Amino acid sequence: MDGRGEREWRGPRSWAVVPFAESDRLNSCSSRRLRGGLARTVLPRFEHQQSRVLGTLLVPRKAERRTLWTHRLGTTLGKTSPSAGTRPKPVLSTGNRCPLQPLLLGLLFVLVFFGYGFLSSRRPMPGGVGVRPSVAVGDPDGRPVVALSRMLYPQPKALTPSRSDVLVLTPWLAPIVWEGTFSPEILDEQFRLQNVTVGLTVFAVKKYVAFLQLFLETAEQHFMVGHRVTYYVFTDRPADVPRVPLREGRRLAVLAVRSHARWQDVSMHRMETISRFSEQRFRHEVDYLVCVDVDMKFRDHVGVEILSPLFGTLHPGFYRADRQAFTYERRPQSQAYIPPDEGDFYYLGGFFGGSVAEVQRLTSACHQAMVLDKANGIEAVWHDESHLNKYLLYHKPTKVLSPEYLWDQQLLGWPSVMKKLRFVAVPKNHKEMRSP
């Protein structure tokens, strides 16, 4: 997309996103990584050489420093340079050092310190949840200290499980996130130090644009509070997107997409669109992507506890079921086929995400599989959700979210195992909403 069909609304004091477009030119000979929330191109050879240069000029041995200063002062005062093979004699005694030396060193320190502060383009969000006065941790030799936030919280007990009524760890050691298994205060501070930016993608096509107002208002109350967020709203009706007041550090980007006659096609084209925008835009602007349905509302805290390289969410209708009852695609002709004796969980298509790179791999793989199915004249039983389950079976998620993170209280009530309902369905007439 060339961006002509896009407009952005920002909060009262929102921040500007500046993509590192130049990094695209270097991708063929470099490796990318995310640090401090920015896309960064790293050239190992260059970085190695840079370290070597800094080590030579800025960290000379003590004797070399004294000789260097003595030689320069001698030249300045009209002294001749020592002849080859002779040890240079000091021009100034130890007790009569040049008064310019501490002045120059102090000036250099001030320039470096303030220059770093002004050149840093991504300052952390203000404040810290549950943070106590900081304590200094440093080197006894007088080297610079690092201030670490001091937080008070109950001590974890190795022999006391956080939850004994639910599974909290998968066989491949991925945590399953339930209420009571994590500390929001600790995680908020850790991710705030990393200064991450989270992208929330949602598709509001045709009549589903009517859900945006409630979706965005409740997201501002409960989603990633205290962290930088970009809402990516894909819609065929940009003029109908409501103007919702946003917190500081949060912004809304409206991205125009075309509609499709069948709701199934709208759902399946999400994968293609997210994959394409991940490559063209998202990887320059955010660190994580969270991909959700729009006909929902946030009811309780949904924060950084969900963030991981790749995560999926347990379907509220199948979290108690055996794998034989999962509605996987069972026809071998489909790319989404899963044999009856395989399967870990049944993941829903309305809440998944991870790092931009991992989400791009997932959505690209699902899109390519759907293209092959279409060429072979077959459509998976649950469309993109079927392909999502196939992908997560053979590419294990690094974190699994419990059904707290997508629930339909009207259909399923509120069982006692659900301590909180965080993201819930809005009552609606599906047939009416999906009609032209």
# chains A, B, ... in the order shown; residues from 1 in each chain; ligands from 1
$ residues_around --residues "segment 333-349 of chain A" --least-positions-apart "3" --cutoff "7 Å" --atoms "only C-alpha atoms" --output "PyMOL selection string"
chain A and resi 312-315+318+323-324+326+328-330+352+369+373+378+380+385-390+393
$ residues_around --residues "Gly353 of chain A" --least-positions-apart "5" --cutoff "7 Å" --atoms "only C-alpha atoms" --output "list in words"
Leu289, Val290, Cys291, Leu310, Phe311, Gly312 and Val359 of chain A
$ atom_distance --atom1 "atom CA of Val229 of chain A" --atom2 "atom CA of Leu252 of chain A"
8.6 Å
$ select_by_dssp --residues "segment 152-314 of chain A" --states "strand (DSSP E)" --output "PyMOL selection string"
chain A and resi 176-177+197-204+228-235+250-256+288-292+296-298+310-313
$ closest_residue --among "A:Pro316, A:His395, A:Met433, A:Phe351" --to "Gly413 of chain A" --atoms "only C-alpha atoms"
A:Pro316
$ select_by_dssp --residues "segment 134-335 of chain A" --states "helix (DSSP H, G or I)" --output "VMD selection string"
chain A and resid 184 to 194 206 to 222 238 to 240 263 to 285 304 to 306 323 to 325
$ closest_residue --among "A:Ala256, A:Val381, A:Ile176, A:Met151" --to "Glu189 of chain A" --atoms "only C-alpha atoms"
A:Met151
$ atom_distance --atom1 "atom CA of Thr327 of chain A" --atom2 "atom CA of Leu212 of chain A"
29.4 Å
$ decode --residues "segment 279-292 of chain A" --atoms "all heavy atoms" --output "JSON list (two decimals), in the first residue's frame"
[["chain", "number", "residue", "atom", "x", "y", "z"],
["A", 279, "GLU", "N", 5.77, -6.49, 6.77],
["A", 279, "GLU", "CA", 7.00, -6.29, 6.00],
["A", 279, "GLU", "C", 7.19, -4.83, 5.63],
["A", 279, "GLU", "O", 8.29, -4.28, 5.73],
["A", 279, "GLU", "CB", 6.94, -7.15, 4.73],
["A", 279, "GLU", "CG", 8.07, -6.87, 3.73],
["A", 279, "GLU", "CD", 9.43, -7.19, 4.28],
["A", 279, "GLU", "OE1", 9.53, -8.06, 5.17],
["A", 279, "GLU", "OE2", 10.42, -6.58, 3.82],
["A", 280, "GLN", "N", 6.12, -4.16, 5.21],
["A", 280, "GLN", "CA", 6.24, -2.81, 4.68],
["A", 280, "GLN", "C", 6.29, -1.74, 5.76],
["A", 280, "GLN", "O", 6.94, -0.71, 5.58],
["A", 280, "GLN", "CB", 5.07, -2.53, 3.73],
["A", 280, "GLN", "CG", 5.04, -3.41, 2.49],
["A", 280, "GLN", "CD", 3.82, -3.15, 1.64],
["A", 280, "GLN", "OE1", 2.95, -2.35, 2.00],
["A", 280, "GLN", "NE2", 3.73, -3.82, 0.51],
["A", 281, "ARG", "N", 5.60, -1.98, 6.89],
["A", 281, "ARG", "CA", 5.44, -0.88, 7.84],
["A", 281, "ARG", "C", 5.65, -1.27, 9.30],
["A", 281, "ARG", "O", 6.42, -0.62, 10.01],
["A", 281, "ARG", "CB", 4.03, -0.28, 7.67],
["A", 281, "ARG", "CG", 3.71, 0.79, 8.69],
["A", 281, "ARG", "CD", 2.43, 1.51, 8.38],
["A", 281, "ARG", "NE", 2.15, 2.52, 9.38],
["A", 281, "ARG", "CZ", 1.23, 3.47, 9.26],
["A", 281, "ARG", "NH1", 0.50, 3.53, 8.17],
["A", 281, "ARG", "NH2", 1.03, 4.36, 10.22],
["A", 282, "PHE", "N", 4.97, -2.31, 9.76],
["A", 282, "PHE", "CA", 4.94, -2.60, 11.19],
["A", 282, "PHE", "C", 6.33, -2.81, 11.78],
["A", 282, "PHE", "O", 6.61, -2.39, 12.90],
["A", 282, "PHE", "CB", 4.08, -3.84, 11.48],
["A", 282, "PHE", "CG", 2.63, -3.68, 11.11],
["A", 282, "PHE", "CD1", 1.83, -4.79, 10.88],
["A", 282, "PHE", "CD2", 2.06, -2.42, 10.98],
["A", 282, "PHE", "CE1", 0.49, -4.65, 10.53],
["A", 282, "PHE", "CE2", 0.73, -2.26, 10.63],
["A", 282, "PHE", "CZ", -0.05, -3.39, 10.41],
["A", 283, "ARG", "N", 7.21, -3.46, 11.03],
["A", 283, "ARG", "CA", 8.53, -3.76, 11.57],
["A", 283, "ARG", "C", 9.35, -2.51, 11.82],
["A", 283, "ARG", "O", 10.33, -2.54, 12.57],
["A", 283, "ARG", "CB", 9.29, -4.71, 10.63],
["A", 283, "ARG", "CG", 9.64, -4.13, 9.26],
["A", 283, "ARG", "CD", 10.14, -5.22, 8.32],
["A", 283, "ARG", "NE", 10.58, -4.70, 7.04],
["A", 283, "ARG", "CZ", 11.84, -4.46, 6.74],
["A", 283, "ARG", "NH1", 12.78, -4.69, 7.65],
["A", 283, "ARG", "NH2", 12.19, -4.00, 5.56],
["A", 284, "HIS", "N", 8.97, -1.38, 11.21],
["A", 284, "HIS", "CA", 9.66, -0.12, 11.44],
["A", 284, "HIS", "C", 9.07, 0.66, 12.61],
["A", 284, "HIS", "O", 9.69, 1.60, 13.09],
["A", 284, "HIS", "CB", 9.58, 0.76, 10.19],
["A", 284, "HIS", "CG", 10.19, 0.13, 8.97],
["A", 284, "HIS", "ND1", 11.52, -0.17, 8.87],
["A", 284, "HIS", "CD2", 9.62, -0.26, 7.79],
["A", 284, "HIS", "CE1", 11.76, -0.70, 7.68],
["A", 284, "HIS", "NE2", 10.62, -0.78, 7.02],
["A", 285, "GLU", "N", 7.87, 0.30, 13.04],
["A", 285, "GLU", "CA", 7.14, 1.15, 13.99],
["A", 285, "GLU", "C", 6.89, 0.52, 15.35],
["A", 285, "GLU", "O", 6.76, 1.26, 16.34],
["A", 285, "GLU", "CB", 5.79, 1.56, 13.37],
["A", 285, "GLU", "CG", 5.94, 2.38, 12.11],
["A", 285, "GLU", "CD", 4.61, 2.84, 11.54],
["A", 285, "GLU", "OE1", 3.55, 2.43, 12.06],
["A", 285, "GLU", "OE2", 4.63, 3.61, 10.57],
["A", 286, "VAL", "N", 6.76, -0.79, 15.43],
["A", 286, "VAL", "CA", 6.40, -1.42, 16.70],
["A", 286, "VAL", "C", 7.29, -2.64, 16.95],
["A", 286, "VAL", "O", 7.95, -3.13, 16.03],
["A", 286, "VAL", "CB", 4.91, -1.84, 16.74],
["A", 286, "VAL", "CG1", 4.01, -0.63, 16.61],
["A", 286, "VAL", "CG2", 4.59, -2.86, 15.65],
["A", 287, "ASP", "N", 7.29, -3.10, 18.19],
["A", 287, "ASP", "CA", 8.08, -4.28, 18.57],
["A", 287, "ASP", "C", 7.24, -5.55, 18.60],
["A", 287, "ASP", "O", 7.73, -6.63, 18.27],
["A", 287, "ASP", "CB", 8.70, -4.05, 19.95],
["A", 287, "ASP", "CG", 9.52, -2.78, 20.02],
["A", 287, "ASP", "OD1", 10.43, -2.64, 19.19],
["A", 287, "ASP", "OD2", 9.24, -1.92, 20.87],
["A", 288, "TYR", "N", 5.98, -5.41, 19.02],
["A", 288, "TYR", "CA", 5.08, -6.56, 19.11],
["A", 288, "TYR", "C", 3.77, -6.23, 18.39],
["A", 288, "TYR", "O", 3.36, -5.06, 18.33],
["A", 288, "TYR", "CB", 4.76, -6.92, 20.57],
["A", 288, "TYR", "CG", 5.93, -7.43, 21.35],
["A", 288, "TYR", "CD1", 6.74, -6.57, 22.08],
["A", 288, "TYR", "CD2", 6.23, -8.80, 21.37],
["A", 288, "TYR", "CE1", 7.82, -7.06, 22.81],
["A", 288, "TYR", "CE2", 7.31, -9.29, 22.10],
["A", 288, "TYR", "CZ", 8.09, -8.41, 22.81],
["A", 288, "TYR", "OH", 9.17, -8.88, 23.54],
["A", 289, "LEU", "N", 3.13, -7.28, 17.88],
["A", 289, "LEU", "CA", 1.80, -7.15, 17.28],
["A", 289, "LEU", "C", 0.82, -8.04, 18.04],
["A", 289, "LEU", "O", 1.13, -9.18, 18.37],
["A", 289, "LEU", "CB", 1.82, -7.58, 15.81],
["A", 289, "LEU", "CG", 2.40, -6.59, 14.80],
["A", 289, "LEU", "CD1", 2.45, -7.26, 13.42],
["A", 289, "LEU", "CD2", 1.59, -5.31, 14.74],
["A", 290, "VAL", "N", -0.35, -7.47, 18.31],
["A", 290, "VAL", "CA", -1.46, -8.22, 18.90],
["A", 290, "VAL", "C", -2.61, -8.13, 17.91],
["A", 290, "VAL", "O", -3.05, -7.02, 17.56],
["A", 290, "VAL", "CB", -1.86, -7.65, 20.27],
["A", 290, "VAL", "CG1", -3.00, -8.46, 20.87],
["A", 290, "VAL", "CG2", -0.66, -7.62, 21.22],
["A", 291, "CYS", "N", -3.09, -9.28, 17.44],
["A", 291, "CYS", "CA", -4.11, -9.32, 16.39],
["A", 291, "CYS", "C", -5.41, -9.86, 16.98],
["A", 291, "CYS", "O", -5.45, -11.02, 17.43],
["A", 291, "CYS", "CB", -3.64, -10.20, 15.22],
["A", 291, "CYS", "SG", -2.00, -9.75, 14.59],
["A", 292, "VAL", "N", -6.47, -9.03, 16.99],
["A", 292, "VAL", "CA", -7.71, -9.41, 17.68],
["A", 292, "VAL", "C", -8.92, -9.12, 16.80],
["A", 292, "VAL", "O", -8.84, -8.44, 15.78],
["A", 292, "VAL", "CB", -7.84, -8.65, 19.03],
["A", 292, "VAL", "CG1", -6.68, -8.98, 19.95],
["A", 292, "VAL", "CG2", -7.93, -7.15, 18.81]]
